[in-house]
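Below is one structure; the comments refer to it alone.
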Amino acid sequence: MRLGPVSIAALTVITLFTSGCLTQFTANQADGLSKIEVTEDAVTANNPETGVTADAVSESAIENKIESEEEKTLSDIVKLYEEALDAIENGDYSLAEARFDSAAVLSSEVDISAITDKTLALRYSATLSSIFQDYGRLYKNVDRVNQEEPLNWLDQLSETKPEDFKYGMWKDDELIEVVRKLALRSDFPLEYNEQVKKAIYFFQTVGKKDMEERISRSGRYLPMIEKILDEHDLPLDLAYIAMIESGFNARAYSRAHCSGLWQFASATGRLYGLKKNQWYDQRYDPVKSTKAAARHLSDLYKIYGDWYLVMAAYNWGPGGVNRQIKRGNTDFWTMKMPAETRNYVPSFMAAVIISKAPELFGFENIVKEEPLVFDTVEVQYTSLKAAAKCAEIDLETLKELNTELKKNYTPAGQNYLLKIPAGKKEHFLTEYAKLKKENFFPSETDTYLVQHGDSLWEMSVRFKTSVGMIQALNGMGDSTKILPGQKLRIPAPGSTVNSYPVQAKAVSADSEDDEEITYTIKNKDTLYEIALKYKVSYRDIMKWNKIKNHRTIKPGQKIIILTKR
């Protein structure tokens with residue numbers, strides 16, 4: 001069993017205790033000592049005749065303050081220790097582990113060797129020694145449960161039939177016992193309460209089909225996610241946040257405009273380095289987004305030091321959690337929060353519990369997807385269709401490996417690391433080298449579908465062009481009116497369109513260097529595209545051909561263009 005942060009914290013303190021390397025008082029305690037007031041009696045005691053100085057009295061007050069703090073800390077440690085023992089007796093090993101951890105954190109704030117009261121120092125030593133021994137008892141139980149076959153637990157039920165248990169028809173006390181055993185297989189502090197019970201029942205009944213699909217998809221992403229979480233020293237079972245957030249669907253998109261496995265909002269994604277442009281959205285990349293999620297969860301834990309509050313902040317946002325804390329409420333279960341967040345942590349716990357032994361809860365014969373494995377190749381601007389052919393796979397398989405890409409092309413104007421199936425790299429590079437060079441040049445324009453709330457100005461900023469350029473490309477004249485669902489041509493990244501002015505310098509018809517060209521209008525031509533082709537102004541084309549309205553040109557119509565020889 002991998003020890004989570006809770007277990008590691010407790011064992012670290014115990015190790016420090018046995019080696020005599022406990023830390024000094026915390027900064028907060030030091031601040032407290034600096035605020036001790038010297039009383040009037042202490043000042044008047046600064047009398048040479050009595051031999052008692054104000055400094056001596058002040059020093060005595062400080063020592064008394066220290067002893068008082070040490071007594072209180074020991075009392076808190078003993079209380080947590082007793083709660084841990086009660087939890088062990090009740091079989092609630094997850095709660096016991098959490099209480100041991102809290103006791104360990106408090107113990108780390110005291111330097112036993114600096115305690116002047118020898119009796120108090122011995123009491124500390126005896127208490128920590130007992131904690132160490134009982135912590136060992138806890139992990140003996142963990143080892144025993146981890147060696148058991150979960151399905152055998154159903155045979156030990158006193159009232160419920162095994163098949164009934166699988167379909168949510170269990171007795172509460174029997175479910176509690178099963179959950180407590182499964183909690184020993186988790187590195188996240190699981191609890192059992194009414195909310196968790198309801199979530200388990202929901203997944204076993206109403207949400208069963210959806211849960212089956214999530215368990216199946218988990219096979220694709222869990223190994224990768226757990227590896228990244230382990231690299232960040234995070235509980236591996238945090239991977240099941242992705243089960244609740246997206247159902248392990250890398251293409252998931254919510255009504256709140258959150259995307260990918262971890263459902264990052266755009267702003268949070270940018271904060272953790274997930275880039276987004278018209279070519280790709282890295283929130284949809286399972287590896288990149290998981291690395292971002294690991295950093296985000298680590299940062300939240302540094303702030304709150306409580307995994308339930310971390311998850312609430314992940315779902316609700318830190319602002320809501322911070323407001324509750326300012327009001328004096330630091331307990332997730334009693335915080336006032338939106339229903340979605342209130343159900344979030346219990347649903348996560350239920351997902352972890354079920355995933356530890358799916359067959360116990362009726363999720364049998366589920367075929368999990370193969371783990372995500374791939375090679376990467378560096379490519380120029382390339383169509384995914386051509387790249388798929390080079391890798392000897394179909395287009396959909398390639399797109400499934402590169403979920404961050406928005407188009408059927410890799411980004412223009414840059415080299416791109418394309419994911420391909422493992423083992424295909426050598427063959428891909430051989431075939432890719434045979435592609436014609438013209439395949440590596442992007443088209444001049446892209447097609448964009450206008451969305452609600454779009455404006456030409458906002459689009460010009462987003463696509464790094466100008467309003468005039470978009471108007472000219474789409475034959476809009478001076479109009480700025482656009483409608484949702486309308487298709488607009490916009491300059492493609494890496495193209496030369498934006499390098500041409502909307503109104504080029506007029507070419508004089510009297511110049512001896514001019515060449516007159518007769519051009520036949522083709523279907524879907526616009527005057528602006530024709531002007532781009534010949535590097536002249538579309539307004540000059542209108543003037544040379546006495547065209548009053550650029551919208552009136554028709555396929556087959558012949559126009560005159562003057563260009564330099």
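Identifiers in this document derive from the order of the structure tokens: chains are assigned A, B, ..., residues are numbered from 1 separately in each chain, and ligands are numbered from 1 in order of occurrence.
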Excluding same-chain residues fewer than 2 positions from A:Ala242, what lies within 10 Å of it counting only C-alpha atoms, as a ChimeraX atom specification?
/A:214,218,221-222,225,238-240,244-250,260-263,290,293,348
Kindly provide the residues of stretch 247-322 of chain A that approach stretch 418-433 of chain A to within 12 Å, each paired with its closest atom pair and their distance in Å to one decimal, based on only C-alpha atoms, listed by chain and increasing number, as CSV.
residue,atom,partner,partner_atom,distance
A:Asp285,CA,A:Lys419,CA,10.7
A:Pro286,CA,A:Lys419,CA,11.9
A:Val287,CA,A:Lys419,CA,11.3
Just write the chosen residues, all heavy atoms, as a CSV table (one decimal), in the first residue's frame.
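In the end it all went to out06.csv:
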chain,number,residue,atom,x,y,z
A,285,ASP,N,-5.7,18.3,-23.9
A,285,ASP,CA,-4.6,17.4,-23.9
A,285,ASP,C,-4.5,16.6,-22.6
A,285,ASP,O,-4.3,17.3,-21.5
A,285,ASP,CB,-3.3,18.1,-24.2
A,285,ASP,CG,-2.1,17.1,-24.3
A,285,ASP,OD1,-1.7,16.6,-23.3
A,285,ASP,OD2,-1.7,16.9,-25.5
A,286,PRO,N,-4.7,15.3,-22.5
A,286,PRO,CA,-4.8,14.6,-21.2
A,286,PRO,C,-3.5,14.7,-20.4
A,286,PRO,O,-3.6,14.9,-19.2
A,286,PRO,CB,-5.1,13.2,-21.6
A,286,PRO,CG,-4.8,13.1,-23.0
A,286,PRO,CD,-5.0,14.4,-23.6
A,287,VAL,N,-2.4,14.7,-21.1
A,287,VAL,CA,-1.1,14.7,-20.3
A,287,VAL,C,-0.8,16.1,-19.8
A,287,VAL,O,-0.5,16.3,-18.6
A,287,VAL,CB,0.1,14.2,-21.2
A,287,VAL,CG1,1.4,14.3,-20.5
A,287,VAL,CG2,-0.2,12.8,-21.7
Can you list, as a ChimeraX atom specification, every residue of stretch 351-408 of chain A that DSSP puts in alpha helix (DSSP H)?
/A:351-356,384-391,395-401
Would you mind exporting the chosen residues as a CSV table (one decimal), in the first residue's frame, restricted to N, CA and C atoms?
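Result written to result_14.csv:
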chain,number,residue,atom,x,y,z
A,351,ALA,N,-17.0,7.3,-5.8
A,351,ALA,CA,-16.3,6.8,-7.0
A,351,ALA,C,-15.1,6.0,-6.6
A,352,VAL,N,-14.3,6.5,-5.6
A,352,VAL,CA,-13.1,5.9,-5.2
A,352,VAL,C,-13.4,4.5,-4.6
A,353,ILE,N,-14.4,4.5,-3.7
A,353,ILE,CA,-14.8,3.3,-3.0
A,353,ILE,C,-15.3,2.2,-4.0
A,354,ILE,N,-16.1,2.6,-5.0
A,354,ILE,CA,-16.6,1.6,-6.0
A,354,ILE,C,-15.4,1.1,-6.9
A,355,SER,N,-14.5,2.1,-7.2
A,355,SER,CA,-13.4,1.7,-8.1
A,355,SER,C,-12.4,0.8,-7.5
A,356,LYS,N,-12.4,0.7,-6.1
A,356,LYS,CA,-11.5,-0.2,-5.5
A,356,LYS,C,-11.9,-1.6,-5.6
A,384,LEU,N,-3.9,16.3,-40.9
A,384,LEU,CA,-4.0,15.1,-40.1
A,384,LEU,C,-4.3,13.9,-41.0
A,385,LYS,N,-5.0,14.1,-42.1
A,385,LYS,CA,-5.3,13.0,-43.0
A,385,LYS,C,-4.0,12.4,-43.6
A,386,ALA,N,-3.1,13.3,-44.0
A,386,ALA,CA,-1.8,12.9,-44.6
A,386,ALA,C,-0.9,12.2,-43.5
A,387,ALA,N,-1.0,12.8,-42.3
A,387,ALA,CA,-0.2,12.3,-41.1
A,387,ALA,C,-0.7,10.9,-40.8
A,388,ALA,N,-2.0,10.7,-40.8
A,388,ALA,CA,-2.6,9.4,-40.4
A,388,ALA,C,-2.1,8.3,-41.4
A,389,LYS,N,-2.1,8.7,-42.7
A,389,LYS,CA,-1.6,7.8,-43.7
A,389,LYS,C,-0.2,7.4,-43.5
A,390,CYS,N,0.6,8.4,-43.1
A,390,CYS,CA,2.0,8.1,-42.8
A,390,CYS,C,2.2,7.1,-41.6
A,391,ALA,N,1.3,7.2,-40.7
A,391,ALA,CA,1.3,6.3,-39.5
A,391,ALA,C,0.6,5.0,-39.7
A,395,LEU,N,-7.9,8.4,-39.6
A,395,LEU,CA,-7.9,9.8,-39.2
A,395,LEU,C,-8.4,9.9,-37.7
A,396,GLU,N,-9.5,9.2,-37.4
A,396,GLU,CA,-10.1,9.3,-36.1
A,396,GLU,C,-9.2,8.8,-35.0
A,397,THR,N,-8.4,7.8,-35.3
A,397,THR,CA,-7.4,7.3,-34.3
A,397,THR,C,-6.4,8.3,-34.0
A,398,LEU,N,-5.9,9.0,-35.1
A,398,LEU,CA,-4.9,10.1,-34.9
A,398,LEU,C,-5.5,11.2,-34.1
A,399,LYS,N,-6.8,11.6,-34.4
A,399,LYS,CA,-7.4,12.7,-33.7
A,399,LYS,C,-7.7,12.4,-32.2
A,400,GLU,N,-7.9,11.1,-32.0
A,400,GLU,CA,-8.1,10.7,-30.6
A,400,GLU,C,-6.9,10.8,-29.8
A,401,LEU,N,-5.7,10.7,-30.4
A,401,LEU,CA,-4.4,10.8,-29.7
A,401,LEU,C,-4.1,12.3,-29.5
Smallest atom-to-atom distance to A:Ser289: which of A:Leu234, A:Met211, A:Met224, A:Ile470, using only C-alpha atoms?
A:Met224
For each of A:Ala256, A:Met476, A:Ile176, A:Val345, take the minimum atom-to-atom distance to A:Leu488, counting only C-alpha atoms, then give the residue where this is smallest.
A:Met476
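The nearest approach to A:Gln195 among the residues A:Asn343, A:Thr465, A:Ser113, A:Gln324, with only C-alpha atoms taken into account, belongs to A:Asn343.
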Those in stretch 317-404 of chain A with strand (DSSP E) from DSSP, as a PyMOL selection string
chain A and resi 374-379
Export all heavy atoms of the chosen residues as a compact mmCIF listing (two decimals), in the first residue's frame?
# COMPACT_ATOMS: atom_id res chain seq x y z
N PHE A 374 1.95 6.35 -26.51
CA PHE A 374 2.17 6.97 -27.82
C PHE A 374 3.63 7.36 -27.98
O PHE A 374 4.39 7.43 -27.01
CB PHE A 374 1.29 8.22 -27.97
CG PHE A 374 1.47 9.23 -26.87
CD1 PHE A 374 2.49 10.18 -26.91
CD2 PHE A 374 0.63 9.23 -25.77
CE1 PHE A 374 2.67 11.10 -25.90
CE2 PHE A 374 0.79 10.15 -24.74
CZ PHE A 374 1.81 11.09 -24.80
N ASP A 375 4.01 7.60 -29.22
CA ASP A 375 5.28 8.23 -29.57
C ASP A 375 4.97 9.62 -30.09
O ASP A 375 3.82 9.92 -30.47
CB ASP A 375 6.02 7.42 -30.65
CG ASP A 375 6.61 6.13 -30.11
OD1 ASP A 375 6.95 6.09 -28.91
OD2 ASP A 375 6.73 5.17 -30.88
N THR A 376 5.97 10.49 -30.12
CA THR A 376 5.77 11.83 -30.69
C THR A 376 6.73 12.04 -31.85
O THR A 376 7.87 11.55 -31.83
CB THR A 376 5.99 12.93 -29.64
OG1 THR A 376 7.31 12.82 -29.10
CG2 THR A 376 4.97 12.83 -28.53
N VAL A 377 6.26 12.76 -32.86
CA VAL A 377 7.10 13.12 -34.00
C VAL A 377 6.95 14.61 -34.24
O VAL A 377 5.86 15.17 -34.06
CB VAL A 377 6.69 12.34 -35.27
CG1 VAL A 377 7.10 10.88 -35.16
CG2 VAL A 377 5.19 12.43 -35.53
N GLU A 378 8.02 15.27 -34.62
CA GLU A 378 7.98 16.70 -34.89
C GLU A 378 7.64 16.93 -36.35
O GLU A 378 8.32 16.42 -37.26
CB GLU A 378 9.34 17.34 -34.55
CG GLU A 378 9.30 18.85 -34.59
CD GLU A 378 10.59 19.47 -34.04
OE1 GLU A 378 11.33 18.77 -33.34
OE2 GLU A 378 10.83 20.65 -34.33
N VAL A 379 6.56 17.69 -36.59
CA VAL A 379 6.11 17.91 -37.97
C VAL A 379 5.93 19.41 -38.21
O VAL A 379 5.75 20.19 -37.29
CB VAL A 379 4.78 17.18 -38.24
CG1 VAL A 379 4.95 15.68 -38.11
CG2 VAL A 379 3.68 17.67 -37.32
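The space between atom CA of A:Glu89 and atom CA of A:Asp134 spans 11.4 Å.
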